[in-house]
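> Supplied structure: upload-v4.txt, compact mmCIF, C-alpha atoms.
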```txt
# COMPACT_ATOMS: atom_id res chain seq x y z
CA MET A 1 10.13 -4.95 -13.11
CA ASP A 2 10.72 -1.59 -11.44
CA THR A 3 11.02 -1.51 -7.67
CA GLN A 4 8.21 0.62 -6.21
CA ILE A 5 10.04 3.14 -4.05
CA ILE A 6 8.31 6.50 -4.44
CA GLY A 7 4.92 6.42 -2.75
CA SER A 8 5.72 3.32 -0.70
CA HIS A 9 4.76 5.29 2.42
CA ILE A 10 2.47 8.34 2.52
CA ILE A 11 2.16 10.98 5.22
CA GLU A 12 -0.77 13.37 4.71
CA ILE A 13 -0.97 16.65 6.60
CA GLU A 14 -3.69 19.22 6.16
CA GLU A 15 -1.49 22.30 6.44
CA THR A 16 2.16 23.30 6.76
CA ALA A 17 4.31 26.26 5.83
CA SER A 18 6.51 24.20 3.51
CA THR A 19 6.57 20.46 2.89
CA ASN A 20 10.34 20.60 2.31
CA ILE A 21 10.92 22.25 5.70
CA TYR A 22 8.52 19.80 7.38
CA THR A 23 10.24 16.86 5.69
CA ASP A 24 13.71 18.06 6.60
CA LYS A 25 12.77 18.27 10.29
CA LEU A 26 11.17 14.82 10.09
CA LEU A 27 14.21 13.32 8.40
CA ARG A 28 16.68 14.83 10.88
CA SER A 29 14.68 13.50 13.83
CA LYS A 30 14.49 9.92 12.56
CA LYS A 31 15.45 8.09 9.38
CA GLN A 32 12.40 7.50 7.20
CA ILE A 33 11.52 4.84 4.64
CA GLU A 34 12.96 5.70 1.23
CA GLY A 35 10.22 6.92 -1.08
CA THR A 36 8.14 8.40 1.75
CA VAL A 37 5.88 11.17 0.44
CA ILE A 38 4.77 14.02 2.68
CA ILE A 39 1.82 15.79 1.12
CA ALA A 40 0.07 18.92 2.36
CA TYR A 41 -3.18 20.16 0.89
CA ASN A 42 -2.55 23.66 2.20
CA GLN A 43 1.03 24.89 1.94
CA THR A 44 1.19 28.43 3.30
CA ALA A 45 4.78 29.44 2.58
CA GLY A 46 6.13 27.21 -0.15
CA GLN A 47 9.34 28.21 -1.88
CA GLY A 48 10.74 27.86 -5.36
CA GLN A 49 14.19 28.55 -6.71
CA ASP A 50 16.08 31.56 -5.29
CA GLN A 51 13.69 31.88 -2.33
CA ASN A 52 10.78 32.79 -4.63
CA LYS A 53 7.39 32.16 -3.06
CA TRP A 54 5.29 29.35 -4.52
CA GLU A 55 1.61 30.35 -4.66
CA SER A 56 -0.86 27.53 -4.05
CA GLU A 57 -4.54 27.98 -3.27
CA PRO A 58 -5.59 25.71 -0.37
CA PHE A 59 -6.91 22.29 -1.39
CA GLN A 60 -6.64 23.06 -5.11
CA ASN A 61 -3.13 21.92 -6.00
CA LEU A 62 -0.56 19.27 -5.16
CA THR A 63 2.35 20.23 -2.91
CA PHE A 64 4.46 17.36 -1.63
CA SER A 65 7.99 16.27 -0.80
CA ILE A 66 9.71 12.92 -1.35
CA ILE A 67 12.51 11.41 0.72
CA LEU A 68 15.16 9.59 -1.31
CA TYR A 69 18.54 8.04 -0.55
CA PRO A 70 20.38 8.21 -3.90
CA THR A 71 23.69 6.97 -2.50
CA PHE A 72 24.57 5.68 -5.97
CA LEU A 73 25.11 9.32 -7.06
CA SER A 74 28.31 11.24 -6.46
CA PRO A 75 28.07 14.95 -5.56
CA SER A 76 29.24 15.88 -9.06
CA ASP A 77 26.33 13.87 -10.54
CA GLN A 78 23.58 15.32 -8.35
CA PHE A 79 21.91 17.15 -11.26
CA GLN A 80 21.00 13.72 -12.63
CA LEU A 81 18.36 13.49 -9.88
CA SER A 82 16.89 16.81 -10.99
CA LYS A 83 16.72 15.52 -14.56
CA ALA A 84 14.99 12.29 -13.52
CA MET A 85 12.37 14.00 -11.34
CA SER A 86 11.62 16.61 -14.01
CA LEU A 87 11.16 13.87 -16.60
CA GLY A 88 8.80 11.99 -14.28
CA ILE A 89 6.52 15.01 -14.05
CA ILE A 90 6.78 15.52 -17.82
CA ASP A 91 5.73 11.89 -18.38
CA PHE A 92 2.71 12.27 -16.09
CA LEU A 93 1.56 15.55 -17.67
CA LYS A 94 1.90 14.19 -21.19
CA SER A 95 -0.32 11.27 -20.21
CA ILE A 96 -3.18 13.53 -19.09
CA LEU A 97 -2.65 16.54 -21.37
CA GLN A 98 -2.30 14.72 -24.66
CA GLU A 99 -3.53 17.67 -26.73
CA HIS A 100 -0.60 19.69 -25.39
CA HIS A 101 1.91 16.85 -25.64
CA GLU A 102 4.38 18.68 -27.91
CA ILE A 103 4.63 21.85 -25.80
CA ILE A 104 5.18 20.33 -22.34
CA LYS A 105 8.80 21.16 -21.62
CA ILE A 106 11.42 21.48 -18.86
CA LYS A 107 12.63 25.03 -18.32
CA TRP A 108 16.13 24.62 -16.97
CA PRO A 109 16.88 23.64 -14.35
CA ASN A 110 13.59 22.05 -13.20
CA ASP A 111 10.46 24.09 -13.89
CA ILE A 112 7.81 22.45 -16.04
CA TYR A 113 6.19 24.59 -18.72
CA VAL A 114 3.24 24.16 -21.03
CA GLY A 115 3.97 26.51 -23.89
CA ASN A 116 5.32 29.62 -22.19
CA LYS A 117 3.49 29.08 -18.91
CA LYS A 118 4.66 27.42 -15.71
CA ILE A 119 2.61 24.51 -14.40
CA CYS A 120 5.05 22.90 -11.95
CA GLY A 121 8.11 23.73 -9.90
CA ILE A 122 10.62 21.32 -8.36
CA LEU A 123 13.03 22.17 -5.54
CA ILE A 124 15.58 19.57 -4.45
CA GLN A 125 17.68 19.65 -1.28
CA ASN A 126 20.64 17.26 -1.28
CA SER A 127 22.81 16.20 1.65
CA ILE A 128 26.30 14.91 0.96
CA THR A 129 28.30 12.45 3.02
CA GLY A 130 31.76 11.57 1.73
CA ASN A 131 31.60 10.78 -1.97
CA CYS A 132 27.85 10.28 -2.34
CA LEU A 133 24.46 11.85 -1.79
CA SER A 134 23.25 10.60 1.59
CA ASP A 135 19.68 11.86 1.25
CA SER A 136 17.56 14.09 -0.93
CA ILE A 137 14.29 15.90 -0.39
CA VAL A 138 12.42 16.44 -3.64
CA GLY A 139 9.76 19.15 -3.29
CA ILE A 140 7.12 19.37 -6.01
CA GLY A 141 4.39 21.95 -6.52
CA LEU A 142 1.93 21.14 -9.29
CA ASN A 143 -0.88 23.51 -10.31
CA VAL A 144 -3.96 21.34 -10.67
CA ASN A 145 -7.35 22.96 -10.02
CA GLN A 146 -6.43 26.58 -9.25
CA SER A 147 -7.89 28.77 -11.97
CA THR A 148 -6.67 32.25 -10.95
CA PHE A 149 -3.33 33.30 -9.49
CA LYS A 150 -2.81 36.40 -7.36
CA SER A 151 0.95 36.54 -6.91
CA ASP A 152 3.32 38.52 -9.13
CA ALA A 153 4.51 35.34 -10.82
CA PRO A 154 4.33 36.27 -14.50
CA ASN A 155 3.05 33.13 -16.15
CA PRO A 156 1.34 30.43 -14.03
CA ILE A 157 -1.11 27.91 -15.51
CA SER A 158 -2.92 24.86 -14.14
CA ILE A 159 -4.28 21.59 -15.45
CA LYS A 160 -7.79 23.01 -15.03
CA ASN A 161 -6.86 26.08 -17.09
CA LEU A 162 -5.84 23.75 -19.90
CA THR A 163 -8.68 21.23 -19.76
CA GLY A 164 -11.56 23.22 -18.28
CA LYS A 165 -12.13 20.37 -15.83
CA GLU A 166 -11.38 19.79 -12.17
CA ILE A 167 -9.66 16.57 -11.23
CA ASN A 168 -9.58 14.77 -7.91
CA LEU A 169 -6.19 15.44 -6.34
CA LYS A 170 -5.88 12.04 -4.65
CA ASP A 171 -6.92 10.18 -7.80
CA CYS A 172 -3.92 11.43 -9.79
CA LEU A 173 -1.29 10.78 -7.13
CA PRO A 174 -0.66 7.07 -7.97
CA ALA A 175 0.08 7.95 -11.60
CA ILE A 176 2.51 10.68 -10.47
CA TYR A 177 4.28 8.31 -8.10
CA ASN A 178 4.56 5.67 -10.83
CA ALA A 179 6.00 8.16 -13.33
CA LEU A 180 8.56 9.47 -10.84
CA ASN A 181 9.39 5.95 -9.72
CA TYR A 182 10.06 4.83 -13.29
CA ARG A 183 12.58 7.62 -13.79
CA TYR A 184 14.19 7.07 -10.38
CA ASN A 185 14.70 3.40 -11.23
CA GLN A 186 16.30 4.42 -14.53
CA LEU A 187 18.70 6.56 -12.55
CA ALA A 188 19.45 3.83 -10.01
CA ASN A 189 20.10 1.39 -12.87
CA HIS A 190 22.63 3.82 -14.38
CA GLN A 191 20.63 4.51 -17.53
CA ASP A 192 22.25 7.94 -17.68
CA GLY A 193 22.32 8.12 -21.46
CA ILE A 194 18.54 7.72 -21.73
CA ILE A 195 17.91 10.34 -19.05
CA LYS A 196 20.35 12.77 -20.66
CA GLN A 197 18.79 12.45 -24.12
CA ASN A 198 15.20 12.59 -22.83
CA TYR A 199 16.03 15.73 -20.83
CA ILE A 200 17.53 17.45 -23.88
CA ASP A 201 14.53 16.39 -26.00
CA ALA A 202 12.22 17.99 -23.42
CA LEU A 203 14.30 21.13 -22.83
CA TYR A 204 12.42 24.40 -23.25
CA ARG A 205 13.94 26.64 -25.95
CA PHE A 206 16.63 24.11 -26.88
CA GLY A 207 18.40 25.14 -30.10
CA GLU A 208 16.24 28.27 -30.52
CA TRP A 209 17.36 31.90 -30.48
CA HIS A 210 15.88 33.85 -27.57
CA LYS A 211 16.79 36.67 -25.23
CA TYR A 212 18.55 36.04 -21.89
CA LYS A 213 19.92 38.27 -19.17
CA ILE A 214 23.56 37.50 -18.37
CA ASP A 215 25.80 39.78 -16.29
CA LYS A 216 23.09 42.47 -16.28
CA SER A 217 23.03 42.56 -20.09
CA ILE A 218 20.28 41.35 -22.41
CA LEU A 219 21.60 39.23 -25.25
CA THR A 220 20.29 36.85 -27.88
CA ALA A 221 21.48 33.27 -27.48
CA LYS A 222 20.46 29.67 -27.96
CA ILE A 223 20.71 26.71 -25.59
CA ASN A 224 23.19 24.12 -26.86
CA GLY A 225 23.04 21.72 -23.94
CA ILE A 226 23.65 21.06 -20.26
CA SER A 227 27.09 20.48 -18.74
CA ALA A 228 27.90 17.36 -16.73
CA TYR A 229 27.44 19.49 -13.61
CA GLY A 230 24.01 20.81 -14.63
CA GLN A 231 25.08 24.19 -15.96
CA LEU A 232 23.23 25.77 -18.88
CA LEU A 233 25.33 25.99 -22.05
CA LEU A 234 24.47 29.00 -24.21
CA GLU A 235 25.82 30.20 -27.54
CA GLY A 236 25.43 33.93 -28.08
CA LYS A 237 24.77 35.52 -31.45
CA ASN A 238 27.79 37.65 -30.60
CA GLY A 239 29.94 34.54 -30.97
CA SER A 240 30.55 34.05 -27.24
CA ASN A 241 29.81 30.86 -25.35
CA TYR A 242 28.41 30.94 -21.81
CA VAL A 243 28.44 28.33 -19.05
CA CYS A 244 25.80 29.45 -16.55
CA ASN A 245 24.88 28.43 -13.03
CA ILE A 246 21.35 29.02 -11.75
CA LYS A 247 21.81 32.60 -10.53
CA GLU A 248 23.94 33.68 -13.46
CA VAL A 249 21.29 33.70 -16.19
CA ALA A 250 17.63 34.71 -16.46
CA TYR A 251 15.19 33.92 -19.22
CA VAL A 252 13.57 36.94 -20.84
CA LEU A 253 9.98 35.79 -21.34
```
Please express what this file holds, its structure, as structure tokens.


Amino acid sequence: MDTQIIGSHIIEIEETASTNIYTDKLLRSKKQIEGTVIIAYNQTAGQGQDQNKWESEPFQNLTFSIILYPTFLSPSDQFQLSKAMSLGIIDFLKSILQEHHEIIKIKWPNDIYVGNKKICGILIQNSITGNCLSDSIVGIGLNVNQSTFKSDAPNPISIKNLTGKEINLKDCLPAIYNALNYRYNQLANHQDGIIKQNYIDALYRFGEWHKYKIDKSILTAKINGISAYGQLLLEGKNGSNYVCNIKEVAYVL
């Protein structure tokens, strides 16, 4: 029986600039219950990877942050948390978007795609004390009922775009918490092999030849895997192998 951690305590706020910033201030002022979720129905200045702005129409999407204490993870293993949280969102989306089951993927490191369109972004902030992660803030932005997007993001999509139906935001939260909780328990129980294989199975463009931008050059390569430290492993058609950190490679979509 999995221990119910994520969603054990909920803090709802109507509006904030960023749930991750709000959560960080909350956590630094006083230790919170592990699994606490801070959810805002209007996030005015959410951020994705590399300081990119996360567009979210007020009261149409889910933007929330989770407080975790994954002290069982060493700093070198911190990407395991990213894998687990990404897989939790994948599990939830596959349960409600069954017609699109085969094309729901993780775009490294932790964006969730349906086909070639982005439906969810995850941003994790880890704090390290000694040889372990002392706390983590997992920020999640999921496009739910927003039907049009005004930012310059090239490829957003929502659940409503895919189904033609609006869903009640609060009604789907328990299923999201359960899916994330299942994967977090796998991680805590050291089921690393399962998480690793499931992540590879869900990896967008895995084993396929596509174009990437590396060192300001466009080249054709395929993803061969993920390093133990979370780096993207690419094999170029030119015969070269590449080990890429987040800012060192860009997908050409």

> Do you have, as CSV, the list of residues of stretch 52-139 of chain A lying at most 6 Å from stretch 203-218 of chain A, each with its nearest atom pair and that distance in Å to one decimal, counting only C-alpha atoms and ordered by chain then number?


```
residue,atom,partner,partner_atom,distance
A:Lys105,CA,A:Tyr204,CA,5.1
A:Ile106,CA,A:Leu203,CA,4.9
A:Lys107,CA,A:Tyr204,CA,5.0
```

> Set the distance at 6 Å and use all atoms listed in the file: which residues neighbour A:Asn145 once local chain neighbours fewer than 2 positions away are removed? I'd like the list as a list in words.

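The residues satisfying every condition are Gln60, Asn61, Lys160 and Glu166 of chain A.
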
> Let me make sure I understand: among A:Asn241, A:Asn185, A:Asn116, A:Ser56, which one has the smallest atom-to-atom distance to A:Ser18 if we use all atoms listed in the file?

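Nearest candidate to A:Ser18 out of A:Asn241, A:Asn185, A:Asn116, A:Ser56: A:Ser56.
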
> With a cut-off of 12 Å, could you pull out the residues of stretch 116-195 of chain A touching stretch 65-85 of chain A and give me the nearest pair of atoms for each, distance in Å to one decimal, using all atoms listed in the file, ordered by chain and ascending number, as a Markdown table?


```
| residue | atom | partner | partner_atom | distance |
| --- | --- | --- | --- | --- |
| A:Cys120 | CA | A:Met85 | CA | 11.5 |
| A:Gly121 | CA | A:Met85 | CA | 10.7 |
| A:Ile122 | CA | A:Met85 | CA | 8.1 |
| A:Leu123 | CA | A:Ser82 | CA | 8.6 |
| A:Ile124 | CA | A:Ser82 | CA | 7.2 |
| A:Gln125 | CA | A:Ile67 | CA | 9.9 |
| A:Asn126 | CA | A:Gln78 | CA | 7.9 |
| A:Ser127 | CA | A:Pro75 | CA | 9.0 |
| A:Ile128 | CA | A:Pro75 | CA | 6.8 |
| A:Thr129 | CA | A:Pro75 | CA | 8.9 |
| A:Gly130 | CA | A:Pro75 | CA | 8.8 |
| A:Asn131 | CA | A:Ser74 | CA | 5.6 |
| A:Cys132 | CA | A:Ser74 | CA | 4.3 |
| A:Leu133 | CA | A:Thr71 | CA | 5.0 |
| A:Ser134 | CA | A:Thr71 | CA | 5.5 |
| A:Asp135 | CA | A:Tyr69 | CA | 4.4 |
| A:Ser136 | CA | A:Leu68 | CA | 5.1 |
| A:Ile137 | CA | A:Ile67 | CA | 5.0 |
| A:Val138 | CA | A:Ile66 | CA | 5.0 |
| A:Gly139 | CA | A:Ser65 | CA | 4.2 |
| A:Ile140 | CA | A:Ser65 | CA | 6.1 |
| A:Gly141 | CA | A:Ser65 | CA | 8.8 |
| A:Leu142 | CA | A:Ser65 | CA | 11.5 |
| A:Ile176 | CA | A:Met85 | CA | 10.4 |
| A:Tyr177 | CA | A:Ile66 | CA | 9.8 |
| A:Asn178 | CA | A:Met85 | CA | 11.4 |
| A:Ala179 | CA | A:Met85 | CA | 8.9 |
| A:Leu180 | CA | A:Met85 | CA | 5.9 |
| A:Asn181 | CA | A:Met85 | CA | 8.7 |
| A:Tyr182 | CA | A:Ala84 | CA | 8.9 |
| A:Arg183 | CA | A:Ala84 | CA | 5.3 |
| A:Tyr184 | CA | A:Ala84 | CA | 6.1 |
| A:Asn185 | CA | A:Ala84 | CA | 9.2 |
| A:Gln186 | CA | A:Ala84 | CA | 8.0 |
| A:Leu187 | CA | A:Ala84 | CA | 6.9 |
| A:Ala188 | CA | A:Phe72 | CA | 6.8 |
| A:Asn189 | CA | A:Phe72 | CA | 9.3 |
| A:His190 | CA | A:Phe72 | CA | 8.8 |
| A:Gln191 | CA | A:Ala84 | CA | 10.4 |
| A:Asp192 | CA | A:Gln80 | CA | 7.8 |
| A:Gly193 | CA | A:Gln80 | CA | 10.5 |
| A:Ile194 | CA | A:Ala84 | CA | 10.0 |
| A:Ile195 | CA | A:Ala84 | CA | 6.6 |
```

> Those selected residues, please, written with C-alpha atoms and delivered as a compact mmCIF listing (two decimals), keeping the file's coordinate frame.


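Wrote selection-v8.txt, looks like this:
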```txt
# COMPACT_ATOMS: atom_id res chain seq x y z
CA CYS A 120 5.05 22.90 -11.95
CA GLY A 121 8.11 23.73 -9.90
CA ILE A 122 10.62 21.32 -8.36
CA LEU A 123 13.03 22.17 -5.54
CA ILE A 124 15.58 19.57 -4.45
CA GLN A 125 17.68 19.65 -1.28
CA ASN A 126 20.64 17.26 -1.28
CA SER A 127 22.81 16.20 1.65
CA ILE A 128 26.30 14.91 0.96
CA THR A 129 28.30 12.45 3.02
CA GLY A 130 31.76 11.57 1.73
CA ASN A 131 31.60 10.78 -1.97
CA CYS A 132 27.85 10.28 -2.34
CA LEU A 133 24.46 11.85 -1.79
CA SER A 134 23.25 10.60 1.59
CA ASP A 135 19.68 11.86 1.25
CA SER A 136 17.56 14.09 -0.93
CA ILE A 137 14.29 15.90 -0.39
CA VAL A 138 12.42 16.44 -3.64
CA GLY A 139 9.76 19.15 -3.29
CA ILE A 140 7.12 19.37 -6.01
CA GLY A 141 4.39 21.95 -6.52
CA LEU A 142 1.93 21.14 -9.29
CA ILE A 176 2.51 10.68 -10.47
CA TYR A 177 4.28 8.31 -8.10
CA ASN A 178 4.56 5.67 -10.83
CA ALA A 179 6.00 8.16 -13.33
CA LEU A 180 8.56 9.47 -10.84
CA ASN A 181 9.39 5.95 -9.72
CA TYR A 182 10.06 4.83 -13.29
CA ARG A 183 12.58 7.62 -13.79
CA TYR A 184 14.19 7.07 -10.38
CA ASN A 185 14.70 3.40 -11.23
CA GLN A 186 16.30 4.42 -14.53
CA LEU A 187 18.70 6.56 -12.55
CA ALA A 188 19.45 3.83 -10.01
CA ASN A 189 20.10 1.39 -12.87
CA HIS A 190 22.63 3.82 -14.38
CA GLN A 191 20.63 4.51 -17.53
CA ASP A 192 22.25 7.94 -17.68
CA GLY A 193 22.32 8.12 -21.46
CA ILE A 194 18.54 7.72 -21.73
CA ILE A 195 17.91 10.34 -19.05
```

> If you measure from atom CA of A:Asn245 to atom CA of A:Leu232, what distance in Å do you get, rounded to one decimal?

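Computing the Euclidean distance for atom CA of A:Asn245 and atom CA of A:Leu232 yields 6.6 Å.
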
> I'd like the interatomic distance between atom CA of A:Gln231 and atom CA of A:Tyr199, to a tenth of an Å.

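It comes out at 13.3 Å.
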
> Select, from A:Ala202, A:Thr23, A:Lys150, A:Ala45, the residue with the minimum atom-to-atom distance to A:Asp111, counting all atoms listed in the file.

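Answer, going by the shortest atom-to-atom distance: A:Ala202.
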
> Give me the box for stretch 148-159 of chain A as JSON, namely the centre and edge lengths in Å to one decimal of a box along x, y and z that holds every listed atom plus 3 Å on each side.


```
{"center_x": -1.1, "center_y": 30.1, "center_z": -11.5, "size_x": 17.2, "size_y": 22.9, "size_z": 15.2}
```

> Mind pulling up the distance from atom CA of A:Gln146 to atom CA of A:Ile11?

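Interatomic distance, atom CA of A:Ile11 to atom CA of A:Gln146: 22.9 Å.
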
> Which is closer to A:His9 than all the others in A:Asn161, A:Lys25, A:Pro174, A:Leu97, using only C-alpha atoms?

A:Pro174

> Using all atoms listed in the file, which of A:Cys244, A:Ala228, A:Leu62, A:Leu233 sits nearest A:Asp171?

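So, comparing all the options, the nearest one is A:Leu62.
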
> Between A:Gly115, A:Thr19, A:Glu12, A:Gly7, which residue has the minimum interatomic distance to A:Thr36, considering only C-alpha atoms?

A:Gly7

> For A:Gly239, find every residue with an atom within 12 Å (counting all atoms listed in the file), except residues of its own chain fewer than 5 positions away, and show them as a PyMOL selection string.

chain A and resi 219-222+234
